[in-house]
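Trainee: Input file: input-v8.txt. Contents: compact mmCIF, C-alpha atoms.
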# COMPACT_ATOMS: atom_id res chain seq x y z
CA MET A 964 4.35 -19.49 -36.83
CA PRO A 965 2.08 -21.72 -38.92
CA GLY A 966 3.21 -22.03 -42.57
CA SER A 967 6.67 -20.46 -41.99
CA ALA A 968 9.57 -21.97 -43.95
CA THR A 969 12.50 -19.92 -42.72
CA THR A 970 14.38 -20.01 -39.46
CA ARG A 971 14.42 -16.27 -38.86
CA PRO A 972 10.71 -15.93 -38.19
CA ARG A 973 10.97 -18.93 -35.89
CA ARG A 974 13.77 -17.30 -33.87
CA SER A 975 11.76 -14.10 -33.76
CA LEU A 976 8.74 -16.08 -32.65
CA LYS A 977 10.76 -17.76 -29.88
CA ARG A 978 11.95 -14.39 -28.60
CA THR A 979 8.42 -13.00 -28.76
CA THR A 980 6.97 -16.08 -27.06
CA ALA A 981 9.57 -15.98 -24.31
CA ALA A 982 8.87 -12.31 -23.71
CA ALA A 983 5.14 -12.99 -23.68
CA LEU A 984 5.54 -15.86 -21.25
CA THR A 985 7.78 -13.76 -19.04
CA ALA A 986 5.18 -10.98 -19.05
CA ALA A 987 2.40 -13.50 -18.45
CA GLY A 988 4.34 -15.01 -15.57
CA LEU A 989 4.86 -11.57 -14.11
CA LEU A 990 1.16 -10.83 -14.43
CA VAL A 991 0.30 -14.14 -12.78
CA ALA A 992 2.67 -13.34 -9.94
CA LEU A 993 1.15 -9.91 -9.55
CA ALA A 994 -2.44 -11.02 -10.08
CA PRO A 995 -3.31 -11.47 -6.38
CA SER A 996 -2.05 -7.97 -5.60
CA ILE A 997 -3.86 -6.51 -8.60
CA ALA A 998 -7.06 -8.32 -7.69
CA ARG A 999 -6.85 -7.15 -4.10
CA ALA A 1000 -6.27 -3.57 -5.20
CA ASP A 1001 -9.10 -3.61 -7.75
CA SER A 1002 -11.63 -5.37 -5.53
CA SER A 1003 -10.78 -3.54 -2.32
CA PRO A 1004 -13.89 -1.88 -0.90
CA ALA A 1005 -11.78 1.07 0.19
CA ALA A 1006 -10.39 1.45 -3.33
CA ALA A 1007 -13.87 1.21 -4.78
CA SER A 1008 -15.10 3.95 -2.48
CA GLY A 1009 -12.07 6.15 -3.17
CA ALA A 1010 -11.31 6.20 0.55
CA SER A 1011 -7.90 6.65 2.09
CA VAL A 1012 -7.72 4.84 5.40
CA THR A 1013 -5.19 4.18 8.16
CA ARG A 1014 -5.33 0.62 9.36
CA SER A 1015 -5.74 -0.19 13.04
CA VAL A 1016 -3.09 -1.92 15.14
CA ASP A 1017 -5.78 -4.51 16.02
CA ALA A 1018 -5.44 -6.10 12.57
CA ALA A 1019 -3.55 -9.19 13.75
CA ALA A 1020 -6.49 -10.96 15.38
CA ALA A 1021 -8.88 -12.88 13.14
CA LEU A 1022 -12.66 -13.11 13.13
CA PRO A 1023 -14.04 -16.63 13.66
CA ALA A 1024 -14.14 -18.89 10.61
CA GLY A 1025 -17.45 -19.16 8.80
CA THR A 1026 -18.39 -15.52 9.32
CA TRP A 1027 -19.22 -12.77 6.84
CA TRP A 1028 -18.91 -9.21 8.12
CA GLY A 1029 -18.54 -10.88 11.51
CA VAL A 1030 -21.93 -12.60 11.22
CA GLN A 1031 -21.94 -16.37 11.68
CA GLY A 1032 -23.18 -17.97 8.44
CA GLY A 1033 -23.94 -14.54 7.00
CA ARG A 1034 -24.37 -13.32 3.44
CA THR A 1035 -24.93 -9.84 2.03
CA THR A 1036 -28.61 -9.26 1.27
CA ALA A 1037 -28.54 -5.48 0.62
CA ASN A 1038 -25.59 -3.31 -0.35
CA TYR A 1039 -24.67 0.19 0.71
CA ASN A 1040 -26.46 2.95 -1.22
CA GLU A 1041 -28.54 0.39 -3.13
CA TYR A 1042 -31.68 1.92 -4.62
CA PHE A 1043 -35.01 0.49 -3.45
CA PRO A 1044 -38.14 2.18 -4.86
CA GLY A 1045 -40.35 3.17 -1.94
CA TYR A 1046 -37.61 2.69 0.66
CA LYS A 1047 -38.40 5.14 3.46
CA PHE A 1048 -35.17 5.03 5.47
CA GLY A 1049 -32.91 6.81 2.97
CA CYS A 1050 -31.50 10.34 3.18
CA ASN A 1051 -34.02 13.07 2.33
CA GLY A 1052 -36.24 10.67 0.43
CA ASP A 1053 -33.53 9.39 -1.93
CA GLN A 1054 -34.78 5.80 -1.38
CA ARG A 1055 -31.25 4.48 -1.00
CA HIS A 1056 -30.18 1.90 1.55
CA LYS A 1057 -27.71 3.66 3.86
CA GLY A 1058 -25.96 0.62 5.22
CA VAL A 1059 -25.14 -3.03 4.54
CA ASP A 1060 -27.51 -5.88 5.43
CA VAL A 1061 -26.10 -9.30 6.25
CA GLY A 1062 -28.70 -12.04 6.45
CA ALA A 1063 -28.32 -15.09 8.71
CA PRO A 1064 -30.55 -17.43 10.74
CA THR A 1065 -32.09 -16.06 13.91
CA GLY A 1066 -29.77 -16.45 16.89
CA ASN A 1067 -26.54 -16.63 14.90
CA ARG A 1068 -23.63 -14.82 16.52
CA VAL A 1069 -22.40 -11.38 15.51
CA TYR A 1070 -18.72 -10.81 16.33
CA ALA A 1071 -16.83 -7.59 17.00
CA TRP A 1072 -14.80 -6.18 14.09
CA GLY A 1073 -12.08 -4.71 16.31
CA ARG A 1074 -11.27 -3.16 19.67
CA GLY A 1075 -13.78 -0.63 21.03
CA ARG A 1076 -16.67 -0.01 23.38
CA VAL A 1077 -20.46 0.10 23.33
CA VAL A 1078 -21.68 3.71 23.50
CA GLY A 1079 -25.40 3.29 22.81
CA ARG A 1080 -28.22 0.76 23.01
CA GLY A 1081 -31.95 0.87 22.45
CA TYR A 1082 -35.09 -0.35 20.74
CA ASP A 1083 -36.80 1.30 17.77
CA PRO A 1084 -39.98 -0.53 16.70
CA GLY A 1085 -40.27 1.40 13.46
CA GLY A 1086 -36.76 0.94 12.08
CA TYR A 1087 -33.69 -0.58 13.71
CA HIS A 1088 -35.65 -2.61 16.30
CA ARG A 1089 -33.05 -3.78 18.87
CA TRP A 1090 -29.76 -1.98 18.19
CA ILE A 1091 -26.37 -1.14 19.66
CA GLN A 1092 -23.88 1.60 18.84
CA VAL A 1093 -20.14 0.86 19.04
CA TYR A 1094 -17.12 3.13 18.79
CA PHE A 1095 -13.58 2.28 17.66
CA PRO A 1096 -11.08 4.78 19.17
CA SER A 1097 -8.13 3.51 17.09
CA VAL A 1098 -9.77 4.72 13.85
CA ASN A 1099 -12.23 7.27 15.35
CA MET A 1100 -15.28 5.70 13.70
CA SER A 1101 -18.66 4.42 14.88
CA LEU A 1102 -21.00 1.60 13.85
CA THR A 1103 -24.68 0.98 14.50
CA LEU A 1104 -25.95 -2.61 14.39
CA GLY A 1105 -29.68 -3.01 13.94
CA HIS A 1106 -32.24 -5.87 13.98
CA LEU A 1107 -30.59 -7.75 16.85
CA ARG A 1108 -32.12 -10.37 19.11
CA ASP A 1109 -33.49 -8.87 22.32
CA GLY A 1110 -31.32 -9.53 25.35
CA SER A 1111 -28.34 -10.78 23.33
CA GLU A 1112 -26.57 -7.48 22.93
CA MET A 1113 -23.65 -6.01 24.89
CA ARG A 1114 -24.51 -3.36 27.43
CA VAL A 1115 -23.49 0.29 27.21
CA GLY A 1116 -20.00 0.89 28.60
CA THR A 1117 -18.77 -2.59 27.74
CA THR A 1118 -15.34 -2.71 26.10
CA PHE A 1119 -14.47 -5.47 23.65
CA ASN A 1120 -11.70 -6.87 21.46
CA LYS A 1121 -11.94 -8.24 17.94
CA GLY A 1122 -13.89 -11.50 17.88
CA ALA A 1123 -15.94 -10.79 21.02
CA LEU A 1124 -19.66 -11.59 20.88
CA TRP A 1125 -21.50 -8.33 20.12
CA ALA A 1126 -25.00 -9.78 19.83
CA ARG A 1127 -27.15 -12.34 18.00
CA VAL A 1128 -29.23 -12.00 14.84
CA GLY A 1129 -32.87 -11.12 15.52
CA THR A 1130 -36.03 -12.61 14.11
CA LYS A 1131 -37.63 -12.16 10.71
CA ALA A 1132 -40.04 -9.67 12.30
CA ASP A 1133 -37.12 -7.66 13.73
CA GLY A 1134 -35.57 -7.55 10.25
CA LEU A 1135 -38.85 -6.55 8.57
CA ASN A 1136 -38.73 -9.16 5.78
CA HIS A 1137 -35.85 -11.46 6.71
CA ALA A 1138 -33.55 -12.06 9.67
CA HIS A 1139 -30.44 -9.93 9.21
CA VAL A 1140 -28.09 -7.39 10.78
CA HIS A 1141 -28.03 -3.85 9.41
CA PHE A 1142 -24.62 -2.15 9.64
CA ARG A 1143 -24.41 1.65 9.38
CA ALA A 1144 -21.13 3.52 9.91
CA ALA A 1145 -20.02 7.10 10.54
CA ARG A 1146 -16.86 9.02 11.33
CA GLY A 1147 -16.12 10.08 14.90
CA ASN A 1148 -17.73 9.01 18.15
CA HIS A 1149 -21.36 9.26 17.17
CA GLY A 1150 -22.52 8.85 20.77
CA ALA A 1151 -25.59 7.11 22.14
CA ALA A 1152 -28.07 7.72 19.29
CA PRO A 1153 -28.10 5.44 16.22
CA ILE A 1154 -26.47 6.83 13.07
CA GLY A 1155 -28.92 8.62 10.80
CA PRO A 1156 -29.21 8.09 7.01
CA CYS A 1157 -27.66 11.48 6.21
CA GLU A 1158 -24.80 11.10 8.73
CA ASP A 1159 -23.39 7.85 7.43
CA MET A 1160 -20.50 6.59 5.32
CA ASN A 1161 -19.85 3.31 3.52
CA PRO A 1162 -19.25 0.63 6.21
CA PHE A 1163 -16.49 -0.80 3.98
CA ILE A 1164 -14.38 2.22 4.97
CA LEU A 1165 -14.57 1.24 8.64
CA TRP A 1166 -14.04 -2.46 7.83
CA ASN A 1167 -10.84 -1.67 5.95
CA ALA A 1168 -9.64 0.87 8.51
CA LEU A 1169 -9.72 -1.91 11.11
CA GLY A 1170 -7.44 -4.02 8.92
CA LEU A 1171 -10.06 -6.62 8.06
CA PRO A 1172 -9.67 -8.59 4.81
CA SER A 1173 -11.25 -7.28 1.61
Would you kindly transcribe this structure into structure tokens?
Mentor:
Amino acid sequence: MPGSATTRPRRSLKRTTAAALTAAGLLVALAPSIARADSSPAAASGASVTRSVDAAAALPAGTWWGVQGGRTTANYNEYFPGYKFGCNGDQRHKGVDVGAPTGNRVYAWGRGRVVGRGYDPGGYHRWIQVYFPSVNMSLTLGHLRDGSEMRVGTTFNKGALWARVGTKADGLNHAHVHFRAARGNHGAAPIGPCEDMNPFILWNALGLPS
């Protein structure tokens, strides 16, 4: 302690410093676990999920949300004034957009099958619907490149090629994949904006890294 002339405060300081360092070391040791818990999408959403047995396999390196060279360009429930694809006019983005160059690969998040496929010129453009039996959840992928997508009835494992990123025109203002999730087997029709849930819940349920 600066300015101290006695030994007792110094001994007290040593004990305090040792305790502080011990606590700091403990916090450093725990920091990765704390960070993972605090930053976990499932924790942020308040969701309780059961992880899939397909968690051991890894998605290819250099992917984001399974999209080669991807980056998040719009978050779930983000507010966009004038956005017409929200639930009951709430103008909120009911999915996650991951932008990437046209033609980049989009890889499967886990084990499942394709249950729907189509083309919607006013919204999703080219899309597929996939279902994951292990967690009983569905995912719609929109703005895909025509002819690149898996066919209905196809089964896949984690890391399989689902499709490729479509063009800027397919993605309205930039090339990207739109992910929208829902509980249960949603069937052949794409998931609607009032039927959805945060895709992070599905991502975490499949055991993918947060």
Trainee: Go ahead and compute the interatomic distance for atom CA of Lys1121 of chain A and atom CA of Trp1072 of chain A, in Å to one decimal.
Mentor: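 Separating atom CA of Lys1121 of chain A from atom CA of Trp1072 of chain A is a distance of 5.2 Å.
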Trainee: Do a neighbour search on Met1113 of chain A at 9 Å with only C-alpha atoms, toss out local chain neighbours closer than 6 positions, and write the hits as a ChimeraX atom specification.
Mentor: /A:1077,1080,1091,1124-1126
Trainee: Pick the closest to Pro1064 of chain A from A:Gly1033, A:Pro1162, A:Pro1044, A:Pro1096: which is it, counting all atoms listed in the file?
Mentor: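 Ranking A:Gly1033, A:Pro1162, A:Pro1044, A:Pro1096 by distance to Pro1064 of chain A, first place goes to A:Gly1033.
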Trainee: With distances taken over only C-alpha atoms, which of A:Pro1023, A:Gly1073, A:Gly1029, A:Pro1084 is nearest to Asp1133 of chain A?
Mentor: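 Checking each of A:Pro1023, A:Gly1073, A:Gly1029, A:Pro1084 against Asp1133 of chain A, counting only C-alpha atoms, the winner is A:Pro1084.
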Trainee: To one decimal in Å, tell me the separation between atom CA of Met1100 of chain A and atom CA of His1149 of chain A.
Mentor: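 Computing it gives 7.9 Å between the two atoms.
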Trainee: Hey, can I get the axis-aligned box for segment 1136-1143 of chain A? All listed atoms, 4 Å padding on each side, centre and edge lengths in Å to one decimal, as JSON.
Mentor:
{"center_x": -31.6, "center_y": -5.2, "center_z": 8.3, "size_x": 22.3, "size_y": 21.7, "size_z": 13.0}
Trainee: Between A:Ile1154, A:Ala1037, A:Leu1107, A:Ala1071, which residue has the minimum interatomic distance to Arg1055 of chain A, considering all atoms listed in the file?
Mentor: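 For Arg1055 of chain A, the nearest of the given residues is A:Ala1037.
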Trainee: At a cut-off of 6 Å around the point (-27.6, 2.8, -0.4) (file coordinates), what residues fall inside when counting all atoms listed in the file? I'd like the answer as a list of chain:residue names.
Mentor: A:Tyr1039, A:Asn1040, A:Glu1041, A:Tyr1042, A:Arg1055, A:His1056, A:Lys1057
Trainee: Save out the residues we just selected, C-alpha atoms, as an mmCIF file, in the frame of the given file.
Mentor:
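File again_17.cif, as written:
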data_model
loop_
_atom_site.group_PDB
_atom_site.id
_atom_site.type_symbol
_atom_site.label_atom_id
_atom_site.label_comp_id
_atom_site.auth_asym_id
_atom_site.auth_seq_id
_atom_site.Cartn_x
_atom_site.Cartn_y
_atom_site.Cartn_z
ATOM 1 C CA TYR A 1039 -24.670 0.190 0.710
ATOM 2 C CA ASN A 1040 -26.460 2.950 -1.220
ATOM 3 C CA GLU A 1041 -28.540 0.390 -3.130
ATOM 4 C CA TYR A 1042 -31.680 1.920 -4.620
ATOM 5 C CA ARG A 1055 -31.250 4.480 -1.000
ATOM 6 C CA HIS A 1056 -30.180 1.900 1.550
ATOM 7 C CA LYS A 1057 -27.710 3.660 3.860
#
Trainee: Would you please work out which residue, of A:Thr1036, A:Ser1111, A:Asn1120, A:Asn1051, is nearest to Ala1021 of chain A when using all atoms listed in the file?
Mentor: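 Once distances to Ala1021 of chain A are computed over all atoms listed in the file, the minimum belongs to A:Asn1120.
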Trainee: Of the residues A:Gly1032, A:Gly1079, A:Gly1086, A:Gly1170, which is the one nearest to Val1128 of chain A, using all atoms listed in the file?
Mentor: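 Of A:Gly1032, A:Gly1079, A:Gly1086, A:Gly1170, the one nearest Val1128 of chain A is A:Gly1032, counting all atoms listed in the file.
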Trainee: Just checking: using only C-alpha atoms, which residue out of A:Arg1143, A:Arg1034, A:His1106, A:Arg1068 ends up closest to Trp1166 of chain A?
Mentor: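 Closest to Trp1166 of chain A of all the choices is A:Arg1143.
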Trainee: Quote the spacing between atom CA of Ala1168 of chain A and atom CA of Gly1116 of chain A in Å to one decimal place.
Mentor: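 These two atoms are separated by 22.6 Å.
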Trainee: Excluding Phe1142 of chain A and its own-chain neighbours fewer than 3 positions away, which residues fall within 6 Å of it when counting all atoms listed in the file? Please give them as a PDB file with C-alpha atoms, keeping the file's coordinate frame.
Mentor:
ATOM      1  CA  GLY A1058     -25.960   0.620   5.220  1.00  0.00           C
ATOM      2  CA  VAL A1059     -25.140  -3.030   4.540  1.00  0.00           C
ATOM      3  CA  THR A1103     -24.680   0.980  14.500  1.00  0.00           C
ATOM      4  CA  LEU A1104     -25.950  -2.610  14.390  1.00  0.00           C
TER       5      LEU A1104
END
Trainee: Kindly extract all protein, DNA and RNA residues lying within 10 Å of the coordinates (-34.2, -10.1, 24.2) given in the file, considering all atoms listed in the file, and supply them as JSON, numbers by chain.
Mentor: {"A": [1089, 1107, 1108, 1109, 1110, 1111, 1112, 1127, 1129]}
Trainee: Can you give me N, CA, C and O atoms for segment 1044-1060 of chain A, written as an mmCIF file, in the frame of the given file?
Mentor:
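What follows is the written file part-v9.cif:
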data_model
loop_
_atom_site.group_PDB
_atom_site.id
_atom_site.type_symbol
_atom_site.label_atom_id
_atom_site.label_comp_id
_atom_site.auth_asym_id
_atom_site.auth_seq_id
_atom_site.Cartn_x
_atom_site.Cartn_y
_atom_site.Cartn_z
ATOM 1 N N PRO A 1044 -36.958 1.319 -4.690
ATOM 2 C CA PRO A 1044 -38.140 2.180 -4.860
ATOM 3 C C PRO A 1044 -39.084 2.044 -3.657
ATOM 4 O O PRO A 1044 -39.420 0.932 -3.237
ATOM 5 N N GLY A 1045 -39.459 3.161 -3.086
ATOM 6 C CA GLY A 1045 -40.350 3.170 -1.940
ATOM 7 C C GLY A 1045 -39.662 3.021 -0.596
ATOM 8 O O GLY A 1045 -40.320 3.095 0.447
ATOM 9 N N TYR A 1046 -38.347 2.853 -0.591
ATOM 10 C CA TYR A 1046 -37.610 2.690 0.660
ATOM 11 C C TYR A 1046 -37.665 3.997 1.454
ATOM 12 O O TYR A 1046 -37.300 5.067 0.958
ATOM 13 N N LYS A 1047 -38.123 3.923 2.687
ATOM 14 C CA LYS A 1047 -38.400 5.140 3.460
ATOM 15 C C LYS A 1047 -37.294 5.526 4.437
ATOM 16 O O LYS A 1047 -37.423 6.529 5.148
ATOM 17 N N PHE A 1048 -36.214 4.742 4.493
ATOM 18 C CA PHE A 1048 -35.170 5.030 5.470
ATOM 19 C C PHE A 1048 -33.926 5.654 4.836
ATOM 20 O O PHE A 1048 -32.860 5.672 5.434
ATOM 21 N N GLY A 1049 -34.038 6.165 3.624
ATOM 22 C CA GLY A 1049 -32.910 6.810 2.970
ATOM 23 C C GLY A 1049 -32.731 8.247 3.440
ATOM 24 O O GLY A 1049 -33.436 8.731 4.334
ATOM 25 N N CYS A 1050 -31.791 8.952 2.826
ATOM 26 C CA CYS A 1050 -31.500 10.340 3.180
ATOM 27 C C CYS A 1050 -32.353 11.288 2.336
ATOM 28 O O CYS A 1050 -32.256 11.283 1.103
ATOM 29 N N ASN A 1051 -33.180 12.062 2.996
ATOM 30 C CA ASN A 1051 -34.020 13.070 2.330
ATOM 31 C C ASN A 1051 -34.841 12.482 1.180
ATOM 32 O O ASN A 1051 -34.971 13.076 0.102
ATOM 33 N N GLY A 1052 -35.359 11.285 1.425
ATOM 34 C CA GLY A 1052 -36.240 10.670 0.430
ATOM 35 C C GLY A 1052 -35.551 10.112 -0.784
ATOM 36 O O GLY A 1052 -36.205 9.852 -1.803
ATOM 37 N N ASP A 1053 -34.229 9.888 -0.733
ATOM 38 C CA ASP A 1053 -33.530 9.390 -1.930
ATOM 39 C C ASP A 1053 -33.753 7.893 -2.174
ATOM 40 O O ASP A 1053 -33.314 7.368 -3.189
ATOM 41 N N GLN A 1054 -34.411 7.210 -1.235
ATOM 42 C CA GLN A 1054 -34.780 5.800 -1.380
ATOM 43 C C GLN A 1054 -33.564 4.888 -1.543
ATOM 44 O O GLN A 1054 -33.636 3.863 -2.221
ATOM 45 N N ARG A 1055 -32.460 5.288 -0.934
ATOM 46 C CA ARG A 1055 -31.250 4.480 -1.000
ATOM 47 C C ARG A 1055 -30.925 3.882 0.372
ATOM 48 O O ARG A 1055 -31.089 4.532 1.402
ATOM 49 N N HIS A 1056 -30.469 2.664 0.348
ATOM 50 C CA HIS A 1056 -30.180 1.900 1.550
ATOM 51 C C HIS A 1056 -28.849 2.371 2.143
ATOM 52 O O HIS A 1056 -27.789 2.125 1.568
ATOM 53 N N LYS A 1057 -28.908 3.038 3.279
ATOM 54 C CA LYS A 1057 -27.710 3.660 3.860
ATOM 55 C C LYS A 1057 -27.051 2.735 4.886
ATOM 56 O O LYS A 1057 -26.913 3.043 6.061
ATOM 57 N N GLY A 1058 -26.632 1.590 4.382
ATOM 58 C CA GLY A 1058 -25.960 0.620 5.220
ATOM 59 C C GLY A 1058 -25.755 -0.664 4.434
ATOM 60 O O GLY A 1058 -26.003 -0.716 3.230
ATOM 61 N N VAL A 1059 -25.293 -1.698 5.128
ATOM 62 C CA VAL A 1059 -25.140 -3.030 4.540
ATOM 63 C C VAL A 1059 -25.935 -4.006 5.380
ATOM 64 O O VAL A 1059 -25.818 -4.010 6.607
ATOM 65 N N ASP A 1060 -26.754 -4.835 4.734
ATOM 66 C CA ASP A 1060 -27.510 -5.880 5.430
ATOM 67 C C ASP A 1060 -26.825 -7.222 5.225
ATOM 68 O O ASP A 1060 -26.463 -7.580 4.090
#
